[in-house]
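A.B. asks: Got a structure here, written out as structure tokens. Questions coming.
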Amino acid sequence: AGGICRKAAIVMKALIIGGGGFVGSYLARQLVQGCHWDTTVTKLPQEDVSVEGCEAYNLDILDRDAVEALLVRLRPDVIFHLAAQSSVAFSWKNPQKTVEINLCGSLNVLDAVRAIEDYAPRILLIGSGEEYGMLPPETELVGEDTPVHPGNPYAVTKAAQNWFGSLYARAYGMEIVMIRAFNHVGPNQTPQFVVSDFCKQAAEISLGLREPVMHVGNLSAKRDFTDVRDVVRAYALLAQHGRAGETYNVGSGTAVAIQEILTQIIAQSGAEIQVEIDPAKLRPVEIPVIRADISKLQQDTGWTPEIPLEQTIAETLDVWKQQLQK
Ligand code: A2R
Ligand code: GDD
């Protein structure tokens, strides 16, 4: 990964907005250590981002003036917009908040850039594979031109963000590259998401901290999982080689059933575990299969995923065990 981001002798200035979340610190590390870019992150006041060589500022994207003031001060060449309400499950409970952050917040970022004179940074808008949503069974492999049918409030906001990105690129000539990220996983992800949730429960059971029963949701759904370190490598490559106004899928290109993931996690934990379906974990609408066609990403950047799911699961389990033993 080392040399992929060097552009002649120019040091790029990058800003990660929403860097206090799961992907943020992995991306910051990729940009600082892998790309040697001058990297700054924004976070919310309660968050802590400690990546060596990377300065952090507090920023709420709902504060439009604050967004513009920071951009004027830093004038980054590349902006990675990660800030979001990123949980599908939460979006069902609070669609208004999800719209506010994911749509109004993203517009604040785009409009702040637009308001600054003689300023044309590259902007990576991070959307989601969830945008594709409910598809006829024969179109379970989704390319970027597949029509979107968002199946939950989160996906609606990300589809709208994508449309705004493409509109602003066309209308104002902005250098916006839109990404549809499929499920990304890795150590330190919050247990809101399936792999981290199952690994945490399995780690608690292995350590004797709870009864040997795992509570799970829908096991038949199939999703396209990629290690977060591979994902941020793709983001760095797209920042350089992605075409403005275009959308890129970022995923592994394979779909794995949640049942298969559960089986692997239980096997790797080495514990005897029973499984119970928790009705509270089932969703009002569940998209059966989501799998990314990643040929456009591969053609334009040469990216390919490197970390197998078994390794991601092993490391996620390990990190949970270490944290629970503290
Ligand atoms: O919701 P929190 O408290 O975890 O904070 C999230 C933060 N965030 C905001 N940042 C600035 N202004 C806001 N008004 C605001 N509301 C929320 O954005 C969190 O720290 C960050 C998003 O990170 P995660 O939720 O951990 O998502 P992850 O997995 O890092 O995904 C990055 C992007 C997101 O756009 C996802 O929707 C997409 O990739 O999959
Ligand atoms: N969270 C969770 N917990 N999900 C479960 C569970 C459980 O106990 N049991 C089964 N699942 C199923 C969900 O119903 C869903 O089909 C799948 O596991 C993945 O769920 P999540 O990990 O919560 O992720 P997501 O697919 O809803 O959304 C994630 O991926 C999107 C990209 O495809 C998030 O990271 C989004 O921000 C991201 O855009």
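Please note that chains go A, B, ... in the order of the structure tokens, that every chain numbers its residues from 1, and that ligands are numbered from 1 in the order shown.
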Give me, as a VMD selection string, the set of residues whose atoms come within 9 Å of any atom of ligand 2, counting only C-alpha atoms and all ligand atoms.
C.D. replies: chain A and resid 84 to 89 126 to 131 154 to 155 158 180 to 185 191 to 198 214 to 225 251 257 to 259 262 277 to 278 281 to 283 285 to 290
A.B. asks: Determine, for each residue of chain A having at least one atom at most 7 Å from an atom of ligand 1, the closest pair of atoms and their separation in Å to one decimal, counting only C-alpha atoms and all ligand atoms; order by chain and ascending number, as a Markdown table.
C.D. replies:
```
| residue | atom | partner | partner_atom_place_in_ligand_line | distance |
| --- | --- | --- | --- | --- |
| A:Ile17 | CA | ligand 1 | 11 (C) | 7.0 |
| A:Gly18 | CA | ligand 1 | 18 (O) | 4.1 |
| A:Gly19 | CA | ligand 1 | 20 (O) | 6.2 |
| A:Gly20 | CA | ligand 1 | 20 (O) | 4.1 |
| A:Gly21 | CA | ligand 1 | 26 (O) | 3.3 |
| A:Phe22 | CA | ligand 1 | 30 (O) | 3.8 |
| A:Val23 | CA | ligand 1 | 30 (O) | 3.6 |
| A:Gly24 | CA | ligand 1 | 30 (O) | 5.6 |
| A:Lys43 | CA | ligand 1 | 10 (N) | 5.9 |
| A:Leu44 | CA | ligand 1 | 10 (N) | 5.6 |
| A:Leu59 | CA | ligand 1 | 11 (C) | 5.7 |
| A:Asp60 | CA | ligand 1 | 12 (N) | 3.5 |
| A:Ile61 | CA | ligand 1 | 12 (N) | 4.0 |
| A:Leu62 | CA | ligand 1 | 14 (N) | 5.1 |
| A:His81 | CA | ligand 1 | 35 (O) | 7.0 |
| A:Leu82 | CA | ligand 1 | 35 (O) | 4.1 |
| A:Ala83 | CA | ligand 1 | 18 (O) | 3.3 |
| A:Ala84 | CA | ligand 1 | 18 (O) | 4.3 |
| A:Gln85 | CA | ligand 1 | 17 (C) | 5.1 |
| A:Ser86 | CA | ligand 1 | 37 (O) | 3.9 |
| A:Ser87 | CA | ligand 1 | 25 (O) | 7.0 |
| A:Ile101 | CA | ligand 1 | 14 (N) | 5.3 |
| A:Gly105 | CA | ligand 1 | 14 (N) | 6.5 |
| A:Ile126 | CA | ligand 1 | 35 (O) | 5.1 |
| A:Gly127 | CA | ligand 1 | 38 (C) | 5.6 |
| A:Ser128 | CA | ligand 1 | 40 (O) | 5.5 |
| A:Ala181 | CA | ligand 1 | 40 (O) | 5.7 |
```
A.B. asks: Just want the 12 Å neighbourhood of Asn249 in chain A, counted on only C-alpha atoms, with same-chain residues fewer than 5 positions away dropped. Output as JSON, numbers by chain.
C.D. replies: {"A": [125, 126, 127, 128, 129, 130, 131, 132, 141, 142, 143, 144, 145, 146, 162, 177, 178, 179, 180, 181, 182, 183, 224, 226, 231, 234, 235, 238, 242, 290, 291, 292, 293, 294, 295, 296, 297, 298, 299, 300, 303]}
A.B. asks: Rank nothing, just name the residue among A:Gln274, A:Asn108, A:Thr254, A:Asn152 nearest to Ile205 in chain A, using only C-alpha atoms.
C.D. replies: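 Counting only C-alpha atoms, the residue closest to Ile205 in chain A is A:Gln274.
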A.B. asks: With DSSP run on the backbone, what are the strand (DSSP E) residues within range 209-320 of chain A? I'd like them as a list in words.
C.D. replies: Val213, Met214, His215, Val216, Lys222, Arg223, Thr226, Asp227, Thr247, Tyr248, Asn249, Val250, Val256, Ala257, Gln274, Val275, Glu276, Ile277, Arg291 and Ala292 of chain A
A.B. asks: Quote the spacing between CA of Ser91 in chain A and CA of Val156 in chain A in Å to one decimal place.
C.D. replies: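 So the two atoms, CA of Ser91 in chain A and CA of Val156 in chain A, lie 9.9 Å apart.
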A.B. asks: Which residues are close to Arg29 in chain A, i.e. within 7 Å by only C-alpha atoms, leaving aside same-chain residues fewer than 4 positions away? Reply as a PyMOL selection string.
C.D. replies: chain A and resi 25+33+51
A.B. asks: Could you write out that same residue set with all heavy atoms as a PDB file, in the first residue's frame?
C.D. replies:
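Saved the output as again.pdb:
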```pdb
ATOM      1  N   SER A  25     -10.356   6.768  11.615  1.00  0.00           N
ATOM      2  CA  SER A  25      -8.955   6.619  12.040  1.00  0.00           C
ATOM      3  C   SER A  25      -8.188   5.667  11.115  1.00  0.00           C
ATOM      4  O   SER A  25      -6.987   5.833  10.899  1.00  0.00           O
ATOM      5  CB  SER A  25      -8.842   6.196  13.505  1.00  0.00           C
ATOM      6  OG  SER A  25      -9.725   5.162  13.760  1.00  0.00           O
ATOM      7  N   GLN A  33       0.326   7.415   6.795  1.00  0.00           N
ATOM      8  CA  GLN A  33       1.427   6.442   6.703  1.00  0.00           C
ATOM      9  C   GLN A  33       1.582   5.863   5.300  1.00  0.00           C
ATOM     10  O   GLN A  33       2.688   5.638   4.829  1.00  0.00           O
ATOM     11  CB  GLN A  33       1.198   5.301   7.702  1.00  0.00           C
ATOM     12  CG  GLN A  33       1.278   5.783   9.141  1.00  0.00           C
ATOM     13  CD  GLN A  33       0.683   4.775  10.134  1.00  0.00           C
ATOM     14  OE1 GLN A  33       0.437   3.619   9.789  1.00  0.00           O
ATOM     15  NE2 GLN A  33       0.431   5.213  11.360  1.00  0.00           N
ATOM     16  N   VAL A  51      -4.361   9.750  15.912  1.00  0.00           N
ATOM     17  CA  VAL A  51      -3.541   9.161  14.858  1.00  0.00           C
ATOM     18  C   VAL A  51      -2.316  10.042  14.743  1.00  0.00           C
ATOM     19  O   VAL A  51      -2.436  11.262  14.552  1.00  0.00           O
ATOM     20  CB  VAL A  51      -4.311   9.100  13.525  1.00  0.00           C
ATOM     21  CG1 VAL A  51      -3.404   8.649  12.387  1.00  0.00           C
ATOM     22  CG2 VAL A  51      -5.516   8.181  13.644  1.00  0.00           C
TER      23      VAL A  51
END
```
